[in-house]
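Structure file entry_13.cif (mmCIF, C-alpha atoms) is printed below.
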data_start
#
loop_
_atom_site.label_atom_id
_atom_site.label_comp_id
_atom_site.auth_asym_id
_atom_site.auth_seq_id
_atom_site.Cartn_x
_atom_site.Cartn_y
_atom_site.Cartn_z
CA MET A 287 286.07 111.98 107.34
CA THR A 288 283.93 112.85 110.35
CA GLU A 289 280.90 110.65 110.89
CA LYS A 290 277.56 112.33 110.52
CA LEU A 291 275.70 112.85 113.78
CA PRO A 292 272.72 110.52 114.20
CA ARG A 293 269.36 112.28 113.92
CA SER A 294 266.09 110.87 115.29
CA VAL A 295 262.57 112.06 116.05
CA ILE A 296 261.43 112.81 119.59
CA GLU A 297 257.86 111.94 120.51
CA PRO A 298 255.97 112.38 123.77
CA LYS A 299 254.69 109.35 125.64
CA ASN A 300 251.36 111.14 125.86
CA PRO A 301 250.09 111.13 122.26
CA ARG A 302 247.78 114.05 123.00
CA LEU A 303 250.87 116.22 123.22
CA ASN A 304 251.98 115.26 119.73
CA VAL A 305 250.45 118.35 118.19
CA SER A 306 252.19 117.99 114.84
CA ARG A 307 250.82 114.49 114.31
CA GLY A 308 247.38 115.35 115.62
CA ALA A 309 247.04 118.37 113.36
CA ASN A 310 249.02 116.90 110.46
CA LEU A 311 251.58 119.68 110.54
CA PRO A 312 254.94 119.51 108.75
CA HIS A 313 257.09 119.22 111.81
CA VAL A 314 257.84 116.84 114.66
CA PRO A 315 257.73 117.44 118.40
CA GLY A 316 261.50 117.38 118.52
CA ILE A 317 264.69 116.12 116.98
CA ARG A 318 267.56 114.44 118.78
CA VAL A 319 270.89 114.97 117.07
CA GLY A 320 274.08 113.79 118.72
CA HIS A 321 274.00 114.99 122.32
CA TYR A 322 271.30 117.59 121.69
CA ILE A 323 267.53 117.72 121.65
CA PHE A 324 265.83 120.53 119.76
CA LEU A 325 262.14 120.83 120.64
CA SER A 326 259.57 122.51 118.44
CA GLY A 327 257.81 125.49 119.97
CA MET A 328 255.06 124.45 122.37
CA GLY A 329 251.88 126.27 123.28
CA PRO A 330 249.48 125.64 126.16
CA ILE A 331 247.85 122.29 125.36
CA ASP A 332 245.75 120.39 127.89
CA PRO A 333 247.52 117.04 128.30
CA GLU A 334 244.20 115.36 129.12
CA THR A 335 242.33 116.46 126.02
CA GLY A 336 244.91 117.65 123.52
CA GLU A 337 242.96 120.91 123.20
CA ARG A 338 244.35 124.40 123.63
CA LYS A 339 244.13 125.52 127.24
CA HIS A 340 244.01 129.28 127.63
CA GLY A 341 243.19 131.37 130.68
CA PRO A 342 245.56 133.45 132.82
CA ILE A 343 249.11 133.58 131.52
CA ALA A 344 250.45 131.94 134.68
CA GLU A 345 248.40 128.84 133.92
CA GLN A 346 249.41 128.87 130.27
CA ILE A 347 253.09 129.00 131.23
CA ARG A 348 252.61 126.24 133.77
CA THR A 349 250.82 124.02 131.25
CA THR A 350 253.40 124.63 128.55
CA LEU A 351 256.42 124.01 130.76
CA SER A 352 254.82 120.91 132.27
CA ASN A 353 254.30 119.59 128.78
CA MET A 354 257.88 120.44 127.90
CA GLN A 355 258.98 118.50 130.94
CA HIS A 356 256.92 115.52 129.80
CA MET A 357 258.37 115.75 126.31
CA LEU A 358 261.95 115.68 127.58
CA GLU A 359 261.31 112.98 130.17
CA SER A 360 259.67 110.83 127.48
CA VAL A 361 263.11 110.40 125.95
CA GLY A 362 265.22 110.23 129.08
CA SER A 363 266.13 113.89 129.35
CA SER A 364 264.74 116.48 131.78
CA LEU A 365 264.25 120.18 132.45
CA ALA A 366 267.53 120.11 134.38
CA ARG A 367 269.30 119.31 131.12
CA VAL A 368 267.85 122.23 129.19
CA VAL A 369 270.56 124.62 128.00
CA ARG A 370 268.56 127.25 126.14
CA VAL A 371 264.93 128.44 126.23
CA HIS A 372 263.04 130.87 124.02
CA VAL A 373 259.90 132.29 125.60
CA VAL A 374 257.61 134.21 123.28
CA LEU A 375 254.65 136.04 124.84
CA ALA A 376 251.73 137.54 122.99
CA ASP A 377 251.76 140.43 125.47
CA LEU A 378 254.89 141.98 126.95
CA ALA A 379 252.89 142.90 130.05
CA ASP A 380 252.79 139.19 130.93
CA MET A 381 256.55 139.09 131.60
CA PRO A 382 256.34 139.34 135.41
CA GLU A 383 253.77 136.59 135.68
CA MET A 384 255.78 134.44 133.29
CA GLU A 385 258.89 134.95 135.45
CA ARG A 386 257.02 133.96 138.56
CA VAL A 387 255.88 130.61 137.19
CA TYR A 388 258.99 129.92 135.10
CA CYS A 389 261.15 130.03 138.27
CA GLU A 390 259.26 127.04 139.64
CA PHE A 391 260.43 124.86 136.77
CA PHE A 392 264.08 125.87 136.79
CA PRO A 393 264.96 126.34 140.47
CA ILE A 394 268.65 125.40 140.22
CA ASP A 395 271.20 126.38 137.56
CA PRO A 396 268.57 127.59 135.08
CA PRO A 397 269.23 127.50 131.36
CA ALA A 398 270.10 130.44 129.13
CA ARG A 399 266.95 132.26 128.08
CA THR A 400 265.74 134.92 125.71
CA ALA A 401 262.20 136.24 126.16
CA TRP A 402 260.29 138.64 123.96
CA SER A 403 256.85 139.28 122.46
CA MET A 404 255.40 138.52 119.07
CA GLN A 405 251.99 137.94 117.53
CA LEU A 406 251.01 134.36 118.39
CA ARG A 407 248.49 132.09 116.70
CA PHE A 408 245.29 130.55 118.04
CA GLY A 409 244.96 133.08 120.86
CA ASN A 410 247.89 131.49 122.68
CA GLY A 411 249.48 133.65 125.34
CA CYS A 412 252.84 131.94 125.08
CA GLU A 413 255.03 129.75 122.93
CA ILE A 414 258.13 128.12 124.39
CA GLU A 415 260.91 126.17 122.72
CA CYS A 416 264.13 124.77 124.06
CA VAL A 417 267.41 123.04 123.38
CA ALA A 418 268.42 120.36 125.87
CA LEU A 419 271.13 117.81 126.39
CA ALA A 420 269.96 114.29 125.70
CA SER A 421 270.17 111.56 128.31
CA MET B 270 279.50 109.45 127.82
CA SER B 271 276.82 111.92 128.81
CA PRO B 272 277.80 115.48 127.92
CA ARG B 273 278.31 117.88 130.79
CA ARG B 274 275.97 120.74 131.45
CA GLU B 275 277.38 123.57 133.48
CA VAL B 276 276.30 127.08 134.31
CA ILE B 277 279.36 129.18 133.56
CA VAL B 278 277.94 132.58 134.35
CA ALA B 279 274.88 132.79 136.51
CA SER B 280 274.50 136.51 136.06
CA PRO B 281 276.66 139.29 134.69
CA LEU B 282 275.28 141.60 137.31
CA ALA B 283 277.56 140.25 140.00
CA ARG B 284 277.21 143.36 142.13
CA ASP B 285 273.53 143.79 141.64
CA ARG B 286 271.94 140.49 142.49
CA ALA B 287 268.71 142.22 143.39
CA SER B 288 267.77 142.98 139.84
CA SER B 289 268.24 139.35 138.88
CA ALA B 290 266.45 138.05 141.92
CA ASP B 291 263.53 135.83 140.92
CA ARG B 292 264.87 135.64 137.42
CA ALA B 293 265.57 132.03 136.63
CA VAL B 294 268.09 132.73 133.91
CA SER B 295 271.75 131.86 133.61
CA THR B 296 273.68 134.18 131.36
CA LEU B 297 276.01 131.53 129.96
CA VAL B 298 275.51 127.78 130.00
CA LYS B 299 277.91 125.16 128.70
CA GLY B 300 276.39 122.03 127.24
CA GLY B 301 278.48 119.57 125.29
CA ASP B 302 280.70 121.40 122.80
CA PHE B 303 278.76 124.65 122.89
CA LEU B 304 278.20 127.69 125.07
CA PHE B 305 274.65 129.02 125.07
CA VAL B 306 274.40 132.72 125.87
CA SER B 307 271.11 134.24 126.97
CA GLY B 308 269.64 137.17 125.08
CA LEU B 309 271.56 140.21 126.30
CA ALA B 310 270.16 143.69 126.57
CA ALA B 311 272.41 146.73 127.08
CA VAL B 312 273.71 146.77 130.65
CA ASP B 313 276.51 148.73 132.26
CA PRO B 314 278.91 145.99 133.42
CA GLN B 315 280.09 148.04 136.42
CA SER B 316 276.75 149.05 137.88
CA GLY B 317 274.54 146.36 136.43
CA GLU B 318 272.06 149.06 135.42
CA ARG B 319 270.19 148.89 132.14
CA VAL B 320 271.63 151.28 129.63
CA ARG B 321 269.16 153.04 127.39
CA GLY B 322 270.37 154.67 124.25
CA THR B 323 270.18 154.34 120.50
CA THR B 324 270.14 150.97 118.82
CA ALA B 325 273.77 151.56 117.87
CA SER B 326 274.91 152.44 121.38
CA GLU B 327 272.96 149.57 122.92
CA THR B 328 274.52 147.21 120.36
CA ARG B 329 277.94 148.46 121.35
CA HIS B 330 277.27 147.88 125.04
CA ILE B 331 275.91 144.41 124.44
CA LEU B 332 278.77 143.23 122.25
CA GLY B 333 281.37 144.71 124.59
CA ASN B 334 279.81 142.76 127.45
CA LEU B 335 279.53 139.63 125.33
CA LYS B 336 283.24 139.82 124.50
CA GLN B 337 284.12 139.96 128.18
CA LEU B 338 281.68 137.22 129.11
CA LEU B 339 283.03 134.81 126.52
CA GLU B 340 286.67 135.56 127.21
CA ALA B 341 286.14 134.99 130.92
CA ALA B 342 284.68 131.61 130.02
CA GLY B 343 287.66 130.66 127.87
CA SER B 344 285.89 131.36 124.60
CA SER B 345 285.84 134.45 122.36
CA LEU B 346 283.82 136.35 119.79
CA ASP B 347 285.53 134.47 116.99
CA LYS B 348 284.23 131.18 118.39
CA ILE B 349 280.62 132.22 118.04
CA VAL B 350 278.81 130.10 115.47
CA LYS B 351 275.40 131.73 115.38
CA VAL B 352 273.89 135.02 116.52
CA ASN B 353 270.23 135.98 116.78
CA VAL B 354 269.54 139.71 116.88
CA LEU B 355 266.14 140.98 117.94
CA LEU B 356 265.43 144.62 117.09
CA HIS B 357 262.53 146.77 118.21
CA SER B 358 262.39 147.92 114.58
CA MET B 359 264.00 146.54 111.45
CA LEU B 360 264.58 150.15 110.33
CA GLU B 361 267.47 150.06 112.80
CA ALA B 362 269.16 147.07 111.19
CA PRO B 363 271.80 149.11 109.35
CA ASN B 364 272.67 151.01 112.54
CA MET B 365 273.02 147.77 114.43
CA ASN B 366 275.03 146.22 111.64
CA GLU B 367 277.52 149.06 111.44
CA VAL B 368 278.45 148.63 115.09
CA TYR B 369 278.23 144.84 114.93
CA ALA B 370 280.70 144.69 112.03
CA ARG B 371 283.40 146.30 114.17
CA PHE B 372 283.29 143.53 116.75
CA PHE B 373 283.44 140.38 114.70
CA PRO B 374 286.60 139.34 112.87
CA ASP B 375 286.45 137.31 109.69
CA PRO B 376 284.70 135.08 109.04
CA PRO B 377 281.75 136.38 111.05
CA PRO B 378 279.23 133.94 112.56
CA ALA B 379 275.95 133.01 110.94
CA ARG B 380 273.21 135.45 111.93
CA THR B 381 269.48 136.04 111.81
CA VAL B 382 268.00 139.47 112.49
CA CYS B 383 264.33 140.21 112.98
CA GLY B 384 262.00 142.75 114.53
CA ALA B 385 259.89 141.98 117.57
CA ARG B 386 258.45 143.55 120.70
CA LEU B 387 261.25 143.65 123.23
CA PRO B 388 260.94 143.73 127.03
CA ASP B 389 262.03 146.61 129.22
CA ASP B 390 262.13 149.10 126.32
CA ALA B 391 265.23 147.42 124.90
CA LYS B 392 266.09 148.57 121.40
CA VAL B 393 268.08 145.43 120.72
CA ILE B 394 268.66 142.00 122.26
CA ILE B 395 271.45 139.72 121.12
CA GLU B 396 271.82 136.02 121.89
CA CYS B 397 274.38 133.61 120.56
CA THR B 398 275.80 130.13 120.55
CA ALA B 399 279.57 129.69 120.66
CA LEU B 400 282.08 126.89 120.74
CA ALA B 401 283.34 126.31 124.25
CA MET C 18 286.79 124.18 115.42
CA ARG C 19 284.32 126.22 113.44
CA GLU C 20 284.47 126.42 109.67
CA LEU C 21 283.06 128.93 107.27
CA ILE C 22 280.63 127.63 104.68
CA ALA C 23 281.01 130.08 101.84
CA ALA C 24 278.25 131.09 99.48
CA PRO C 25 278.02 128.46 96.71
CA LEU C 26 276.81 131.15 94.34
CA PRO C 27 277.66 134.85 94.51
CA GLY C 28 274.08 135.98 95.13
CA LEU C 29 274.03 134.18 98.45
CA ASP C 30 276.87 136.30 99.79
CA LEU C 31 274.78 138.88 101.64
CA ARG C 32 277.89 140.50 102.99
CA GLN C 33 279.03 141.46 99.55
CA HIS C 34 275.61 142.49 98.28
CA TYR C 35 274.08 144.11 101.33
CA GLY C 36 276.89 144.63 103.80
CA HIS C 37 275.30 142.18 106.23
CA HIS C 38 278.10 141.20 108.57
CA GLN C 39 277.46 137.47 108.54
CA SER C 40 278.64 134.27 106.90
CA PRO C 41 276.14 132.19 104.91
CA ALA C 42 276.68 129.31 107.33
CA ILE C 43 279.11 127.99 109.92
CA ARG C 44 279.95 124.34 110.54
CA ALA C 45 280.81 123.36 114.11
CA GLY C 46 280.33 120.38 116.38
CA GLY C 47 278.83 118.27 113.62
CA LEU C 48 276.11 120.84 112.89
CA ILE C 49 275.62 123.56 110.29
CA PHE C 50 274.22 126.86 111.56
CA CYS C 51 272.77 128.88 108.69
CA SER C 52 272.13 132.59 108.62
CA GLY C 53 268.48 133.42 108.10
CA MET C 54 267.80 132.59 104.46
CA LEU C 55 265.94 135.17 102.41
CA PRO C 56 264.22 135.14 99.02
CA ILE C 57 267.07 136.50 96.99
CA ASP C 58 268.28 135.42 93.59
CA PRO C 59 271.23 133.10 94.25
CA GLY C 60 273.02 134.28 91.14
CA THR C 61 272.58 138.03 91.30
CA GLY C 62 271.61 138.65 94.92
CA GLU C 63 268.57 140.62 93.83
CA ARG C 64 265.55 140.56 96.09
CA ARG C 65 262.74 138.33 94.88
CA HIS C 66 259.68 139.79 96.57
CA GLY C 67 256.43 137.97 95.88
CA THR C 68 253.77 136.04 97.68
CA LEU C 69 254.74 134.10 100.77
CA THR C 70 254.56 130.99 98.63
CA SER C 71 256.87 132.26 95.90
CA GLU C 72 259.31 133.65 98.45
CA ALA C 73 259.36 130.34 100.34
CA HIS C 74 260.16 128.45 97.14
CA VAL C 75 263.17 130.71 96.51
CA ILE C 76 264.31 130.29 100.12
CA PHE C 77 264.11 126.50 100.04
CA ALA C 78 265.96 126.38 96.71
CA ASN C 79 268.69 128.56 98.22
CA LEU C 80 268.90 126.40 101.33
CA LYS C 81 269.15 123.28 99.21
CA LEU C 82 272.04 124.83 97.26
CA LEU C 83 273.82 126.01 100.41
CA LEU C 84 273.39 122.80 102.40
CA GLU C 85 274.33 120.53 99.53
CA SER C 86 277.44 122.57 98.82
CA ALA C 87 278.42 121.81 102.42
CA GLY C 88 277.73 118.07 102.14
CA SER C 89 274.37 118.27 103.90
CA SER C 90 270.80 118.44 102.61
CA LEU C 91 267.23 119.48 103.41
CA GLU C 92 266.67 115.93 104.70
CA ARG C 93 269.23 116.60 107.41
CA LEU C 94 267.49 119.65 108.85
CA VAL C 95 267.29 119.53 112.62
CA GLN C 96 265.56 122.75 113.61
CA VAL C 97 263.85 125.55 111.75
CA HIS C 98 262.67 128.95 112.89
CA ALA C 99 260.17 129.95 110.24
CA LEU C 100 259.73 133.72 110.35
CA ILE C 101 256.54 134.99 108.75
CA TYR C 102 255.41 138.60 108.54
CA ASP C 103 251.85 137.87 109.71
CA SER C 104 250.37 134.80 111.37
CA ILE C 105 247.43 134.91 109.00
CA GLU C 106 249.72 133.23 106.46
CA TYR C 107 250.37 130.22 108.69
CA ASP C 108 248.43 127.80 106.50
CA VAL C 109 250.05 129.18 103.36
CA LEU C 110 253.45 128.62 104.93
CA ASN C 111 252.57 125.03 105.80
CA ARG C 112 251.34 124.28 102.30
CA VAL C 113 254.63 125.23 100.69
CA TYR C 114 256.83 124.12 103.58
CA ARG C 115 255.56 120.55 103.61
CA GLN C 116 256.65 120.10 99.99
CA TYR C 117 260.26 120.34 101.06
CA VAL C 118 260.33 118.35 104.30
CA ALA C 119 258.13 115.40 103.36
CA ASN C 120 260.70 112.78 104.38
CA GLY C 121 261.10 113.39 108.08
CA PRO C 122 260.53 117.06 108.87
CA PRO C 123 262.68 118.79 111.49
CA ALA C 124 261.62 120.51 114.71
CA ARG C 125 260.09 123.89 113.98
CA THR C 126 258.91 127.05 115.66
CA VAL C 127 257.05 129.67 113.67
CA TRP C 128 257.77 133.27 114.62
CA THR C 129 255.66 136.16 113.44
CA ALA C 130 258.27 138.84 113.12
CA GLN C 131 259.29 141.91 111.22
CA ILE C 132 261.53 140.65 108.45
CA GLU C 133 264.04 142.68 106.53
CA ALA C 134 263.21 144.44 103.31
CA GLY C 135 259.52 143.71 103.75
CA PHE C 136 259.94 140.07 102.91
CA LYS C 137 257.08 137.83 103.92
CA VAL C 138 259.13 134.86 105.06
CA GLU C 139 262.61 133.91 106.20
CA LEU C 140 263.98 130.55 107.32
CA ASP C 141 266.59 130.21 110.05
CA VAL C 142 267.86 126.62 110.12
CA ILE C 143 270.27 124.20 111.71
CA ALA C 144 271.22 120.99 109.89
CA VAL C 145 273.46 118.02 110.49
CA ALA C 146 276.80 118.52 108.78
#
Encoded form (structure tokens):
Amino acid sequence: MTEKLPRSVIEPKNPRLNVSRGANLPHVPGIRVGHYIFLSGMGPIDPETGERKHGPIAEQIRTTLSNMQHMLESVGSSLARVVRVHVVLADLADMPEMERVYCEFFPIDPPARTAWSMQLRFGNGCEIECVALAS
Amino acid sequence: MSPRREVIVASPLARDRASSADRAVSTLVKGGDFLFVSGLAAVDPQSGERVRGTTASETRHILGNLKQLLEAAGSSLDKIVKVNVLLHSMLEAPNMNEVYARFFPDPPPARTVCGARLPDDAKVIIECTALA
Amino acid sequence: MRELIAAPLPGLDLRQHYGHHQSPAIRAGGLIFCSGMLPIDPGTGERRHGTLTSEAHVIFANLKLLLESAGSSLERLVQVHALIYDSIEYDVLNRVYRQYVANGPPARTVWTAQIEAGFKVELDVIAVA
């Protein structure tokens, strides 16, 4: 009988980035299971205030990916260990700007990625989720 | 032991690096037991050019490329565990499915299909996770 | 090795009922990858259109059946993509969703997408085997 993989909750060191707890939503920032970390989708949240931080899409992408980096580093992982990313944009026209900023965060051996556009909540310009290898 | 992460295929457009310049995406990444394949749009594997056609023809191109990609990495279509299909319109789901069914032997992988706004006028984008 | 998780009840076999070329779920690497679960009657396979709330209840009941037949459970969910037809129903989704994940919810991303057959909600999940 194969042992069940251990499953635990991932939380950011910065509590302001724990959106699910702050807003009492039925999810967690991420789950670690075996060697993998599955993060919930993240939007552009100001790490200083915990509030949504909008503005140009480049800044929203930068904020979101920085927060994702913090989330992974909080549990001993990193952006370099990300294997898959989903980038959802509210506006397809923002793709080039997204690409430009995204490159900065994954300069070497970037993860697999699928990017597309959907209606997003709260006026967010982007929502990004990922799967990463744990530490 | 920490699981290995390895980029297996940086880009399928080996001859046409220019179009993937500035795109920080690896087509196929190995992590632990699984291979993670980026969302694929229809591309001619020889020229690297985007292929624009019907949803059915784009599906055929994508899955043909996926087959080659996985086999080159020591995997195969029958090792895929999960597929996500993004369509520009869910009205095209049966057309996609008819082509899709020809590629996957039994038992087919788990799958989720939905409609969204796709980049670069793609009619369909397919991503998957496979066993290495 | 990947293993097929067959439909525990005939209605959940979408391949038979709708020609969808997919398995209900696949087990591999200690995880269970489920096909997007829809509000269909698990016995007959008939579509159960309704409100987002009623559809979500059917979906969760189906997921419970499927996962438990495979030795897993809703408590062992790892990641969910919750597809909803319009983001205006976000709060409605949360209200029903939280009833099923009270003890340690999984990671989640909500996608506002076009769902098949005009359904209002679909759940795409990964669980621990």
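For the pair atom CA of C:Ser90 and atom CA of C:Glu106, the interatomic distance is 26.0 Å.
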Taking only C-alpha atoms into account, find every residue of chain C that has an atom no more than 7 Å from chain A, and write it out as an mmCIF file with C-alpha atoms, in the coordinates of the input.
data_model
loop_
_atom_site.group_PDB
_atom_site.id
_atom_site.type_symbol
_atom_site.label_atom_id
_atom_site.label_comp_id
_atom_site.auth_asym_id
_atom_site.auth_seq_id
_atom_site.Cartn_x
_atom_site.Cartn_y
_atom_site.Cartn_z
ATOM 1 C CA GLY C 47 278.830 118.270 113.620
ATOM 2 C CA VAL C 95 267.290 119.530 112.620
ATOM 3 C CA GLN C 96 265.560 122.750 113.610
ATOM 4 C CA SER C 104 250.370 134.800 111.370
ATOM 5 C CA ASN C 111 252.570 125.030 105.800
ATOM 6 C CA ARG C 115 255.560 120.550 103.610
ATOM 7 C CA PRO C 122 260.530 117.060 108.870
ATOM 8 C CA PRO C 123 262.680 118.790 111.490
ATOM 9 C CA ALA C 124 261.620 120.510 114.710
ATOM 10 C CA ARG C 125 260.090 123.890 113.980
ATOM 11 C CA THR C 126 258.910 127.050 115.660
ATOM 12 C CA THR C 129 255.660 136.160 113.440
ATOM 13 C CA ALA C 130 258.270 138.840 113.120
ATOM 14 C CA VAL C 145 273.460 118.020 110.490
ATOM 15 C CA ALA C 146 276.800 118.520 108.780
#
Report as a ChimeraX atom specification the set of chain A residues whose atoms approach chain B to within 9 Å, with distances computed over all atoms listed in the file. /A:321-322,366-371,377-379,381,385-386,388-405,418-421
Please identify every residue of chain B that has at least one atom no more than 12 Å from any atom of chain C, counting all atoms listed in the file, and report them as a ChimeraX atom specification. /B:300-304,344,346-387,397-401
Point-to-point distance from atom CA of B:Val393 to atom CA of B:Glu327, Å rounded to tenths: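 About the pair atom CA of B:Val393 and atom CA of B:Glu327: they are 6.8 Å apart.
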Go through A:Asn310, A:Ser352, A:Thr335, A:Asn410 one by one, measure the shortest atom-to-atom distance of each to A:Ser364 using all atoms listed in the file, and give the residue with the smallest value.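 For A:Ser364, the nearest of the given residues is A:Ser352.
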What gap, in Å, lies between atom CA of A:Ile347 and atom CA of A:Pro298?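 Spanning atom CA of A:Ile347 to atom CA of A:Pro298 is a straight-line distance of 18.4 Å.
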Could you write out as a list in words the residues that the PyMOL selection byres ((chain C and resi 83) around 10) matches in the shown file?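 Going through the file, the PyMOL selection byres ((chain C and resi 83) around 10) ends up selecting Ile22, Ala23, Ala24, Pro25, Leu26, Leu29, Pro41, Ala42, Cys51, Met54, Pro59, Phe77, Ala78, Asn79, Leu80, Lys81, Leu82, Leu84, Glu85, Ser86, Ala87, Gly88, Ser89, Ser90 and Leu91 of chain C.
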When you look at B:Ile331 with a cut-off of 6 Å (counting all atoms listed in the file), what residues show up, excluding the ones that are within fewer than 3 positions of it in the same chain? I need them as a ChimeraX atom specification. /B:311,328,334
Take the PyMOL selection byres ((chain B and resi 321) around 10), run it mentally on this structure, and tell me the resulting residues as a list of chain:residue names. B:Ala310, B:Ala311, B:Val312, B:Asp313, B:Glu318, B:Arg319, B:Val320, B:Gly322, B:Thr323, B:Thr324, B:Ser326, B:Glu327, B:His330, B:Asp389, B:Asp390, B:Ala391, B:Lys392
Serialized selection, C-alpha atoms, as a PDB file, in the frame of the given file:
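Written file, selection_12.pdb:
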ATOM      1  CA  ALA B 310     270.160 143.690 126.570  1.00  0.00           C
ATOM      2  CA  ALA B 311     272.410 146.730 127.080  1.00  0.00           C
ATOM      3  CA  VAL B 312     273.710 146.770 130.650  1.00  0.00           C
ATOM      4  CA  ASP B 313     276.510 148.730 132.260  1.00  0.00           C
ATOM      5  CA  GLU B 318     272.060 149.060 135.420  1.00  0.00           C
ATOM      6  CA  ARG B 319     270.190 148.890 132.140  1.00  0.00           C
ATOM      7  CA  VAL B 320     271.630 151.280 129.630  1.00  0.00           C
ATOM      8  CA  GLY B 322     270.370 154.670 124.250  1.00  0.00           C
ATOM      9  CA  THR B 323     270.180 154.340 120.500  1.00  0.00           C
ATOM     10  CA  THR B 324     270.140 150.970 118.820  1.00  0.00           C
ATOM     11  CA  SER B 326     274.910 152.440 121.380  1.00  0.00           C
ATOM     12  CA  GLU B 327     272.960 149.570 122.920  1.00  0.00           C
ATOM     13  CA  HIS B 330     277.270 147.880 125.040  1.00  0.00           C
ATOM     14  CA  ASP B 389     262.030 146.610 129.220  1.00  0.00           C
ATOM     15  CA  ASP B 390     262.130 149.100 126.320  1.00  0.00           C
ATOM     16  CA  ALA B 391     265.230 147.420 124.900  1.00  0.00           C
ATOM     17  CA  LYS B 392     266.090 148.570 121.400  1.00  0.00           C
TER      18      LYS B 392
END
Run the PyMOL selection byres ((chain C and resi 68) around 12) against the file shown and list the residues it catches, as a PyMOL selection string. chain C and resi 56+65-67+69-75+101-102+106+109-110+113+135-138
Using 6 Å of padding on each side, determine the axis-aligned box around all atoms of stretch 50-54 of chain C present in the file and give its centre and edge lengths in Å to one decimal, as lines of an AutoDock Vina configuration file.
center_x = 271.0
center_y = 130.1
center_z = 108.0
size_x = 18.4
size_y = 18.6
size_z = 19.1
Would you list the residues near (246.6, 124.1, 129.5), meaning any protein, DNA or RNA residue with an atom at most 6 Å from that point in file coordinates, counting only C-alpha atoms, as a PDB file with C-alpha atoms, in the frame of the given file?
ATOM      1  CA  PRO A 330     249.480 125.640 126.160  1.00  0.00           C
ATOM      2  CA  ILE A 331     247.850 122.290 125.360  1.00  0.00           C
ATOM      3  CA  ASP A 332     245.750 120.390 127.890  1.00  0.00           C
ATOM      4  CA  LYS A 339     244.130 125.520 127.240  1.00  0.00           C
ATOM      5  CA  GLN A 346     249.410 128.870 130.270  1.00  0.00           C
ATOM      6  CA  THR A 349     250.820 124.020 131.250  1.00  0.00           C
TER       7      THR A 349
END
